[in-house]
file work_2.cif (mmCIF, C-alpha atoms)
data_target
loop_
_atom_site.label_atom_id
_atom_site.label_comp_id
_atom_site.auth_asym_id
_atom_site.auth_seq_id
_atom_site.Cartn_x
_atom_site.Cartn_y
_atom_site.Cartn_z
CA MET A 1 -27.79 6.55 23.59
CA SER A 2 -26.76 3.06 24.74
CA GLU A 3 -25.53 0.61 22.14
CA ARG A 4 -28.21 -1.67 20.81
CA ARG A 5 -27.93 -5.38 21.47
CA LEU A 6 -30.35 -7.70 19.72
CA LEU A 7 -31.53 -11.22 20.36
CA VAL A 8 -32.24 -13.08 17.12
CA VAL A 9 -34.54 -16.07 17.63
CA TYR A 10 -34.98 -18.79 15.03
CA THR A 11 -38.23 -20.80 15.25
CA GLY A 12 -38.26 -22.30 11.74
CA GLY A 13 -40.50 -21.54 8.77
CA THR A 14 -39.91 -21.01 5.06
CA PHE A 15 -37.06 -18.59 5.78
CA GLY A 16 -34.63 -21.45 6.48
CA MET A 17 -36.24 -24.32 4.55
CA ARG A 18 -34.70 -26.66 1.99
CA ASP A 19 -36.21 -29.28 -0.29
CA GLN A 20 -35.24 -32.69 1.07
CA GLY A 21 -37.08 -34.57 -1.67
CA SER A 22 -40.65 -34.33 -0.38
CA GLY A 23 -41.09 -30.59 -0.57
CA LEU A 24 -39.69 -27.81 1.58
CA GLU A 25 -38.68 -28.79 5.10
CA VAL A 26 -37.28 -26.86 8.04
CA THR A 27 -33.52 -26.54 8.46
CA ASP A 28 -32.64 -27.23 12.08
CA ASP A 29 -30.03 -24.50 12.56
CA LEU A 30 -29.52 -21.21 10.75
CA GLY A 31 -26.85 -19.55 12.89
CA ALA A 32 -24.16 -19.27 10.21
CA GLU A 33 -26.58 -17.88 7.63
CA ILE A 34 -27.90 -15.29 10.08
CA ALA A 35 -24.35 -14.22 10.91
CA CYS A 36 -23.75 -13.58 7.18
CA LEU A 37 -26.96 -11.55 6.93
CA VAL A 38 -26.02 -9.38 9.92
CA ALA A 39 -22.49 -8.86 8.60
CA GLY A 40 -23.84 -7.83 5.21
CA TYR A 41 -26.30 -5.46 6.83
CA ASP A 42 -23.60 -3.80 8.92
CA ALA A 43 -21.31 -3.43 5.92
CA GLN A 44 -24.06 -1.82 3.85
CA ARG A 45 -25.29 0.46 6.65
CA ARG A 46 -21.82 1.10 8.09
CA THR A 47 -23.04 0.10 11.51
CA ARG A 48 -22.09 -2.45 14.15
CA THR A 49 -24.83 -4.70 15.44
CA ARG A 50 -24.25 -6.49 18.71
CA TRP A 51 -26.40 -9.57 18.67
CA ALA A 52 -26.85 -13.09 19.97
CA PHE A 53 -28.46 -16.04 18.23
CA MET A 54 -30.97 -18.35 19.89
CA LYS A 55 -32.39 -21.43 18.20
CA SER A 56 -35.68 -22.28 19.86
CA VAL A 57 -36.08 -25.73 21.38
CA CYS A 58 -38.92 -26.32 18.92
CA VAL A 59 -37.88 -25.47 15.34
CA ILE A 60 -40.84 -26.26 13.09
CA ASP A 61 -42.86 -25.59 9.98
CA SER A 62 -45.18 -22.95 11.42
CA ALA A 63 -48.20 -24.96 10.26
CA GLU A 64 -47.37 -27.23 13.22
CA ALA A 65 -47.58 -24.40 15.77
CA THR A 66 -49.89 -24.81 18.77
CA GLN A 67 -50.95 -22.59 21.63
CA GLN A 68 -48.37 -24.44 23.74
CA THR A 69 -45.64 -23.78 21.18
CA MET A 70 -46.33 -20.05 21.33
CA VAL A 71 -46.22 -19.96 25.12
CA ASP A 72 -43.01 -22.03 25.12
CA TRP A 73 -41.35 -19.62 22.69
CA ALA A 74 -42.39 -16.64 24.83
CA THR A 75 -40.99 -18.36 27.91
CA GLU A 76 -37.68 -19.11 26.17
CA ILE A 77 -37.33 -15.49 25.09
CA ARG A 78 -38.22 -14.19 28.54
CA LEU A 79 -35.69 -16.46 30.27
CA LYS A 80 -32.96 -15.49 27.81
CA LEU A 81 -33.60 -11.78 28.27
CA GLU A 82 -33.77 -12.02 32.05
CA SER A 83 -30.56 -14.08 32.25
CA ALA A 84 -28.48 -11.42 30.50
CA ASP A 85 -25.86 -9.60 32.55
CA CYS A 86 -26.20 -5.87 33.08
CA ASP A 87 -23.55 -5.22 30.44
CA GLU A 88 -25.38 -7.41 27.95
CA ARG A 89 -28.96 -6.22 28.32
CA TYR A 90 -30.87 -6.69 25.10
CA THR A 91 -32.61 -3.72 23.53
CA GLY A 92 -34.77 -5.69 21.11
CA VAL A 93 -35.76 -9.11 19.82
CA LEU A 94 -36.00 -10.31 16.21
CA VAL A 95 -38.01 -13.50 15.72
CA ILE A 96 -37.74 -15.51 12.48
CA HIS A 97 -41.02 -17.38 12.01
CA GLY A 98 -42.98 -19.16 9.30
CA THR A 99 -45.63 -17.03 7.65
CA ASP A 100 -48.60 -19.42 7.98
CA THR A 101 -49.11 -18.83 11.70
CA LEU A 102 -46.90 -15.79 12.14
CA ALA A 103 -49.84 -13.46 12.86
CA TYR A 104 -51.20 -15.88 15.50
CA THR A 105 -47.85 -16.23 17.27
CA ALA A 106 -47.06 -12.52 17.08
CA ALA A 107 -50.44 -11.64 18.60
CA ARG A 108 -50.13 -14.16 21.42
CA MET A 109 -46.58 -13.13 22.24
CA ALA A 110 -47.57 -9.46 22.15
CA PHE A 111 -49.60 -10.20 25.28
CA GLU A 112 -47.18 -12.67 26.82
CA LEU A 113 -44.21 -10.28 26.57
CA ALA A 114 -45.95 -6.91 26.97
CA ASP A 115 -44.37 -6.24 30.35
CA LEU A 116 -40.83 -6.38 28.95
CA ARG A 117 -41.22 -2.90 27.44
CA LEU A 118 -38.89 -3.54 24.52
CA PRO A 119 -39.56 -4.08 20.81
CA VAL A 120 -40.15 -7.61 19.52
CA VAL A 121 -40.16 -7.82 15.72
CA PHE A 122 -41.28 -10.87 13.77
CA THR A 123 -40.28 -11.58 10.21
CA GLY A 124 -40.19 -14.45 7.74
CA SER A 125 -40.27 -14.94 4.00
CA GLN A 126 -42.32 -16.28 1.13
CA LEU A 127 -39.24 -17.92 -0.42
CA PRO A 128 -36.39 -19.72 1.40
CA LEU A 129 -33.17 -17.83 2.05
CA HIS A 130 -31.13 -19.85 -0.48
CA PHE A 131 -33.67 -19.47 -3.33
CA PRO A 132 -32.77 -17.03 -6.13
CA GLY A 133 -34.69 -13.81 -5.64
CA SER A 134 -35.69 -14.72 -2.09
CA ASP A 135 -37.34 -12.03 0.00
CA ALA A 136 -35.70 -13.41 3.16
CA PRO A 137 -32.64 -11.08 3.13
CA SER A 138 -34.67 -7.92 2.53
CA ASN A 139 -37.25 -8.82 5.18
CA PHE A 140 -34.48 -9.54 7.67
CA GLU A 141 -32.78 -6.23 6.89
CA TYR A 142 -36.05 -4.33 7.24
CA ALA A 143 -36.62 -5.95 10.63
CA LEU A 144 -33.15 -4.78 11.69
CA ASP A 145 -34.01 -1.29 10.46
CA ALA A 146 -37.17 -1.31 12.58
CA LEU A 147 -35.16 -2.35 15.63
CA SER A 148 -32.67 0.45 14.95
CA GLY A 149 -35.04 3.14 16.15
CA THR A 150 -38.29 2.99 14.19
CA ILE A 151 -40.01 1.46 17.20
CA THR A 152 -39.27 1.50 20.91
CA GLY A 153 -41.62 -1.16 22.24
CA GLY A 154 -44.43 -3.60 21.52
CA ALA A 155 -44.68 -6.50 19.09
CA TRP A 156 -44.54 -5.98 15.33
CA VAL A 157 -44.36 -7.81 12.02
CA ALA A 158 -41.79 -6.56 9.50
CA PHE A 159 -42.48 -7.76 5.97
CA ASP A 160 -41.88 -6.34 2.49
CA ASN A 161 -40.83 -2.95 3.85
CA GLN A 162 -44.02 -2.64 5.86
CA LEU A 163 -44.30 -2.61 9.63
CA HIS A 164 -47.50 -4.08 11.06
CA PRO A 165 -48.65 -4.05 14.70
CA ALA A 166 -48.77 -7.67 15.86
CA VAL A 167 -52.24 -7.33 17.38
CA ARG A 168 -53.79 -6.02 14.14
CA VAL A 169 -52.07 -7.96 11.35
CA SER A 170 -53.30 -10.91 9.28
CA LYS A 171 -51.75 -12.96 6.51
CA TYR A 172 -53.63 -12.29 3.29
CA SER A 173 -51.55 -13.92 0.54
CA SER A 174 -49.57 -17.12 0.12
CA GLU A 175 -47.75 -15.76 -2.93
CA SER A 176 -47.45 -11.97 -2.81
CA ARG A 177 -44.23 -10.61 -1.37
CA SER A 178 -46.34 -8.33 0.79
CA GLY A 179 -48.01 -11.34 2.38
CA PHE A 180 -49.50 -9.45 5.33
CA ALA A 181 -52.00 -6.64 5.76
CA THR A 182 -53.28 -4.47 8.58
CA PRO A 183 -56.87 -3.55 7.70
CA ARG A 184 -57.45 -2.09 11.16
CA ALA A 185 -55.14 0.52 12.66
CA LEU A 186 -53.48 0.06 16.05
CA ALA A 187 -55.85 1.45 18.66
CA PRO A 188 -54.60 4.00 21.20
CA VAL A 189 -54.43 2.53 24.69
CA ALA A 190 -56.64 4.56 27.00
CA ASP A 191 -57.87 2.11 29.62
CA SER A 192 -54.75 2.30 31.78
CA THR A 193 -56.47 1.19 34.99
CA LEU A 194 -57.39 -2.25 33.72
CA ALA A 195 -54.22 -2.52 31.64
CA ASP A 196 -52.19 -1.89 34.80
CA ALA A 197 -54.21 -4.51 36.64
CA ILE A 198 -53.46 -7.09 33.96
CA ALA A 199 -49.82 -5.98 33.95
CA ASP A 200 -49.57 -7.19 37.54
CA HIS A 201 -49.99 -10.67 36.14
CA PHE A 202 -47.41 -10.06 33.42
CA ALA A 203 -44.87 -9.92 36.24
CA GLU A 204 -45.78 -13.47 37.29
CA PRO A 205 -44.88 -15.65 34.28
CA GLU A 206 -44.92 -18.77 36.44
CA VAL A 207 -48.74 -18.63 36.63
CA THR A 208 -49.12 -18.71 32.85
CA GLU A 209 -50.73 -21.95 31.75
CA THR A 210 -51.67 -23.12 28.28
CA ARG A 211 -55.36 -23.90 28.34
CA LYS A 212 -57.75 -25.21 25.72
CA VAL A 213 -58.99 -22.37 23.54
CA GLY A 214 -59.98 -22.54 19.89
CA VAL A 215 -62.00 -21.18 16.99
CA LEU A 216 -65.27 -22.11 15.30
CA SER A 217 -66.13 -20.34 12.06
CA VAL A 218 -69.83 -19.88 11.36
CA PHE A 219 -71.02 -21.08 7.93
CA PRO A 220 -74.32 -21.80 6.18
CA GLY A 221 -75.65 -25.14 7.34
CA MET A 222 -73.60 -25.28 10.53
CA ALA A 223 -75.03 -27.98 12.79
CA SER A 224 -75.48 -27.88 16.55
CA GLU A 225 -73.29 -31.00 16.78
CA GLN A 226 -70.38 -28.97 15.44
CA VAL A 227 -70.93 -26.26 18.04
CA ARG A 228 -71.15 -28.89 20.76
CA ALA A 229 -67.96 -30.58 19.54
CA ALA A 230 -66.05 -27.28 19.47
CA LEU A 231 -67.18 -26.43 22.99
CA ALA A 232 -66.09 -29.88 24.16
CA CYS A 233 -62.67 -29.52 22.53
CA TYR A 234 -62.11 -25.99 23.87
CA PRO A 235 -63.77 -25.82 27.29
CA ASP A 236 -61.70 -22.84 28.45
CA GLY A 237 -62.60 -20.49 25.62
CA LEU A 238 -63.99 -20.34 22.10
CA ILE A 239 -63.70 -17.63 19.46
CA LEU A 240 -66.90 -17.68 17.40
CA GLU A 241 -66.05 -16.23 13.98
CA CYS A 242 -69.42 -14.81 12.98
CA TYR A 243 -70.89 -13.18 9.92
CA GLY A 244 -70.89 -9.39 9.59
CA ALA A 245 -71.72 -7.54 12.79
CA GLY A 246 -71.91 -10.72 14.85
CA THR A 247 -74.62 -12.99 13.49
CA ALA A 248 -75.01 -16.75 13.33
CA PRO A 249 -77.76 -19.30 12.55
CA VAL A 250 -79.20 -19.23 16.06
CA SER A 251 -82.53 -20.72 14.94
CA THR A 252 -80.79 -24.03 14.31
CA PRO A 253 -82.07 -26.25 17.12
CA GLY A 254 -79.56 -26.70 19.91
CA ILE A 255 -77.02 -23.98 19.06
CA LEU A 256 -78.13 -21.38 21.59
CA ASP A 257 -78.79 -24.02 24.25
CA ASP A 258 -75.33 -25.52 23.79
CA LEU A 259 -73.63 -22.13 23.89
CA GLY A 260 -75.59 -21.05 26.95
CA ALA A 261 -74.91 -24.28 28.84
CA ALA A 262 -71.18 -24.14 28.13
CA ILE A 263 -70.95 -20.49 29.11
CA GLU A 264 -72.83 -21.26 32.33
CA GLU A 265 -70.19 -23.92 33.06
CA GLY A 266 -67.37 -21.41 32.59
CA THR A 267 -66.47 -21.47 28.90
CA ILE A 268 -65.79 -17.97 27.57
CA VAL A 269 -67.21 -17.40 24.09
CA VAL A 270 -66.17 -14.31 22.15
CA ALA A 271 -67.68 -13.25 18.82
CA VAL A 272 -65.50 -11.69 16.12
CA THR A 273 -66.38 -10.90 12.53
CA GLN A 274 -65.28 -12.80 9.45
CA CYS A 275 -65.04 -9.47 7.61
CA GLN A 276 -61.62 -7.90 7.11
CA THR A 277 -62.89 -4.53 8.35
CA GLY A 278 -65.70 -3.50 10.66
CA SER A 279 -66.67 -4.81 14.06
CA VAL A 280 -69.12 -6.90 16.02
CA ASP A 281 -72.24 -5.21 17.40
CA LEU A 282 -74.39 -7.92 18.93
CA SER A 283 -77.27 -5.50 19.50
CA ARG A 284 -77.70 -4.61 15.81
CA TYR A 285 -79.64 -7.73 14.78
CA ALA A 286 -82.01 -9.98 16.65
CA VAL A 287 -79.83 -13.03 16.05
CA GLY A 288 -76.86 -11.19 17.54
CA SER A 289 -78.93 -10.17 20.55
CA ALA A 290 -79.80 -13.84 21.02
CA LEU A 291 -76.09 -14.66 21.17
CA ALA A 292 -75.55 -11.92 23.73
CA ARG A 293 -78.42 -13.22 25.90
CA ALA A 294 -76.76 -16.64 25.83
CA GLY A 295 -73.64 -15.03 27.25
CA VAL A 296 -71.50 -14.56 24.14
CA LEU A 297 -69.17 -11.56 24.46
CA SER A 298 -68.45 -9.07 21.71
CA GLY A 299 -64.91 -9.04 20.39
CA GLY A 300 -65.43 -5.63 18.81
CA ASP A 301 -63.07 -5.12 15.88
CA MET A 302 -60.36 -7.52 17.03
CA THR A 303 -58.79 -9.69 14.39
CA LEU A 304 -59.24 -13.42 14.78
CA GLU A 305 -55.54 -13.79 15.56
CA ALA A 306 -55.57 -11.10 18.25
CA ALA A 307 -58.78 -12.39 19.80
CA LEU A 308 -57.41 -15.93 20.07
CA GLY A 309 -54.11 -14.70 21.49
CA LYS A 310 -55.80 -12.43 24.01
CA LEU A 311 -58.28 -15.07 25.12
CA GLY A 312 -55.56 -17.69 25.47
CA TYR A 313 -53.39 -15.32 27.49
CA LEU A 314 -56.18 -14.26 29.84
CA VAL A 315 -57.59 -17.69 30.61
CA GLY A 316 -54.04 -18.91 31.20
CA LYS A 317 -53.66 -16.34 33.96
CA HIS A 318 -56.56 -17.74 36.01
CA LEU A 319 -58.12 -14.32 36.52
CA ASP A 320 -61.54 -14.22 38.10
CA ALA A 321 -64.49 -14.22 35.69
CA PRO A 322 -65.43 -10.51 36.01
CA THR A 323 -61.82 -9.41 35.44
CA THR A 324 -61.47 -11.70 32.44
CA ARG A 325 -64.67 -10.38 30.86
CA SER A 326 -63.65 -6.79 31.49
CA ALA A 327 -60.19 -7.41 30.06
CA LEU A 328 -61.66 -8.98 26.93
CA ALA A 329 -63.85 -5.91 26.43
CA SER A 330 -60.97 -3.50 27.02
CA ASN A 331 -58.14 -2.27 24.83
CA LEU A 332 -55.00 -3.49 26.62
CA ILE A 333 -52.21 -3.10 24.05
CA GLY A 334 -53.89 -1.61 20.97
CA GLU A 335 -55.81 -4.70 19.85
CA MET A 336 -59.28 -3.11 19.68
CA GLN A 337 -61.10 0.17 19.34
CA LEU A 338 -63.28 0.62 22.40
CA SER A 339 -65.92 2.36 20.30
CA ALA A 340 -66.27 -0.92 18.42
CA VAL A 341 -67.36 -2.86 21.51
CA SER A 342 -71.05 -3.06 22.26
CA ALA A 343 -72.45 -3.65 25.72
CA ARG A 344 -69.09 -3.40 27.40
CA PRO A 345 -69.19 -4.91 30.92
CA GLY A 346 -68.53 -2.54 33.78
CA LEU A 347 -65.22 -2.76 35.58
#
call {"tool": "encode", "arguments": {"input": "work_2.cif", "output": "structure tokens"}}
result
Amino acid sequence: MSERRLLVVYTGGTFGMRDQGSGLEVTDDLGAEIACLVAGYDAQRRTRTRWAFMKSVCVIDSAEATQQTMVDWATEIRLKLESADCDERYTGVLVIHGTDTLAYTAARMAFELADLRLPVVFTGSQLPLHFPGSDAPSNFEYALDALSGTITGGAWVAFDNQLHPAVRVSKYSSESRSGFATPRALAPVADSTLADAIADHFAEPEVTETRKVGVLSVFPGMASEQVRAALACYPDGLILECYGAGTAPVSTPGILDDLGAAIEEGTIVVAVTQCQTGSVDLSRYAVGSALARAGVLSGGDMTLEAALGKLGYLVGKHLDAPTTRSALASNLIGEMQLSAVSARPGL
């Protein structure tokens, strides 16, 4: 077996924060601290880790992350991996990230970097590295363990001795050391034909473009003006976070008309459920059927984070409309159970 060589990427987050007088703030560079963590790990495990450190251009509190930030980080990682000499090929990537948007970034980068065929593991912490009792060292060590052979590919989140698939994980606690949960299991990838077709675009990173996609959560009393505003802000795609099996207050004057008009103009609208488990079935209730008639697509049992990452990735590739719709209704990298998708478009 070839020797492992890891790329450790620092993007910011609680892991490296310090209190500068106004609350915790990001530390710009963490190279020396990471070197100590790796040395301690190797001494404890009696191993030798070959690794390189990369501080991202944008080191931030993850609450400041944007769709552009996520694409930029993926591009940085890709360029670093592809620039390595044959003798220095990396076998895995460890990304240190803030927990607030970790699940969103991990899901988006799972799609952006899927063609690389090597494991990308995200980790972070609930307490900064220098705090007494911090979970940062143990989370970092567990991520190294995962990259030592537990996984061979794909994107993952390593946290509190649990390994979560990036396209199925969500943050569920701001205090618990566990922090993250995977209420839906990683789905087996069966639709290889479409996945291979999308993979053709993975090989063309230069065509990736960050486009305007966003989320609107349905709630009692939601007004048509809010739907219209969301569609105006996110003309390329909107995740509609619905009740239960995919329901919304469609009898509110203007909502269906606004959705239908935007979809007719090219906006892709995908319904996911606000529930932690279960899936969208737009045919189950009349209000869901009304959404489907307006052109809203079912997101099946995708998490909000995976749905947003997938939609952002696909619209950024400028695929034709039928291919985009088919890709959204297909399980590309384990993000959705196909049985959970109703009225799946034909390929």
call {"tool": "resolve_selection", "arguments": {"input": "work_2.cif", "expression": "the PyMOL selection byres ((chain A and resi 77-81) around 12)", "output": "ChimeraX atom specification"}}
result
/A:5-11,52-57,70-76,82-86,88-95,109,112-118,120,202-206
call {"tool": "resolve_selection", "arguments": {"input": "work_2.cif", "expression": "the PyMOL selection byres ((chain A and resi 25) around 9)", "output": "PDB file with C-alpha atoms, in the frame of the given file"}}
result
ATOM      1  CA  GLY A  13     -40.500 -21.540   8.770  1.00  0.00           C
ATOM      2  CA  THR A  14     -39.910 -21.010   5.060  1.00  0.00           C
ATOM      3  CA  GLY A  16     -34.630 -21.450   6.480  1.00  0.00           C
ATOM      4  CA  MET A  17     -36.240 -24.320   4.550  1.00  0.00           C
ATOM      5  CA  ARG A  18     -34.700 -26.660   1.990  1.00  0.00           C
ATOM      6  CA  ASP A  19     -36.210 -29.280  -0.290  1.00  0.00           C
ATOM      7  CA  GLN A  20     -35.240 -32.690   1.070  1.00  0.00           C
ATOM      8  CA  SER A  22     -40.650 -34.330  -0.380  1.00  0.00           C
ATOM      9  CA  GLY A  23     -41.090 -30.590  -0.570  1.00  0.00           C
ATOM     10  CA  LEU A  24     -39.690 -27.810   1.580  1.00  0.00           C
ATOM     11  CA  VAL A  26     -37.280 -26.860   8.040  1.00  0.00           C
ATOM     12  CA  THR A  27     -33.520 -26.540   8.460  1.00  0.00           C
ATOM     13  CA  ILE A  60     -40.840 -26.260  13.090  1.00  0.00           C
ATOM     14  CA  ASP A  61     -42.860 -25.590   9.980  1.00  0.00           C
TER      15      ASP A  61
END
call {"tool": "axis_aligned_box", "arguments": {"input": "work_2.cif", "around": "region 246-258 of chain A", "padding_each_side": "6 Å", "output": "JSON"}}
result
{"center_x": -77.2, "center_y": -18.7, "center_z": 18.4, "size_x": 22.6, "size_y": 28.0, "size_z": 23.7}
call {"tool": "atom_distance", "arguments": {"input": "work_2.cif", "atom1": "CA of Ala185 (chain A)", "atom2": "CA of Gly154 (chain A)"}}
result
14.5 Å
call {"tool": "resolve_selection", "arguments": {"input": "work_2.cif", "expression": "the PyMOL selection byres ((chain A and resi 229) around 12)", "output": "PyMOL selection string"}}
result
chain A and resi 214-216+222-228+230-235+238+255+258-259+262
call {"tool": "residues_around", "arguments": {"input": "work_2.cif", "residues": "Val270 (chain A)", "least_positions_apart": "6", "cutoff": "9 Å", "atoms": "only C-alpha atoms", "output": "PyMOL selection string"}}
result
chain A and resi 237-241+296-299+307+311+328
call {"tool": "closest_residue", "arguments": {"input": "work_2.cif", "among": "A:Gly12, A:Pro137, A:Gly309, A:Gly31", "to": "Ile96 (chain A)", "atoms": "all atoms listed in the file"}}
result
A:Gly12
call {"tool": "residues_around", "arguments": {"input": "work_2.cif", "residues": "Thr182 (chain A)", "least_positions_apart": "4", "cutoff": "8 Å", "atoms": "all atoms listed in the file", "output": "PyMOL selection string"}}
result
chain A and resi 164-165+168-170
call {"tool": "residues_around", "arguments": {"input": "work_2.cif", "residues": "Pro249 (chain A)", "least_positions_apart": "5", "cutoff": "9 Å", "atoms": "all atoms listed in the file", "output": "NGL selection string"}}
result
:A and (218-222 or 255 or 287)
call {"tool": "atom_distance", "arguments": {"input": "work_2.cif", "atom1": "CA of Leu127 (chain A)", "atom2": "CA of Ala146 (chain A)"}}
result
21.2 Å
call {"tool": "closest_residue", "arguments": {"input": "work_2.cif", "among": "A:Gln126, A:Phe111, A:Leu102, A:Leu144", "to": "Asp42 (chain A)", "atoms": "only C-alpha atoms"}}
result
A:Leu144
call {"tool": "atom_distance", "arguments": {"input": "work_2.cif", "atom1": "CA of His97 (chain A)", "atom2": "CA of Thr210 (chain A)"}}
result
20.3 Å
call {"tool": "closest_residue", "arguments": {"input": "work_2.cif", "among": "A:Asp28, A:Glu335, A:Glu33, A:Asp301", "to": "Val189 (chain A)", "atoms": "all atoms listed in the file"}}
result
A:Glu335
call {"tool": "closest_residue", "arguments": {"input": "work_2.cif", "among": "A:Gly312, A:Gly260, A:Gly278, A:Gly266", "to": "Gly244 (chain A)", "atoms": "all atoms listed in the file"}}
result
A:Gly278
call {"tool": "residues_near_point", "arguments": {"input": "work_2.cif", "point": "(-48.8, -21.2, 7.5)", "cutoff": "10 Å", "atoms": "all atoms listed in the file", "output": "number ranges by chain"}}
result
A: 13-14, 61-65, 97-104, 171, 174
call {"tool": "closest_residue", "arguments": {"input": "work_2.cif", "among": "A:Val280, A:Ala136, A:Ala155, A:Cys275", "to": "Thr105 (chain A)", "atoms": "all atoms listed in the file"}}
result
A:Ala155
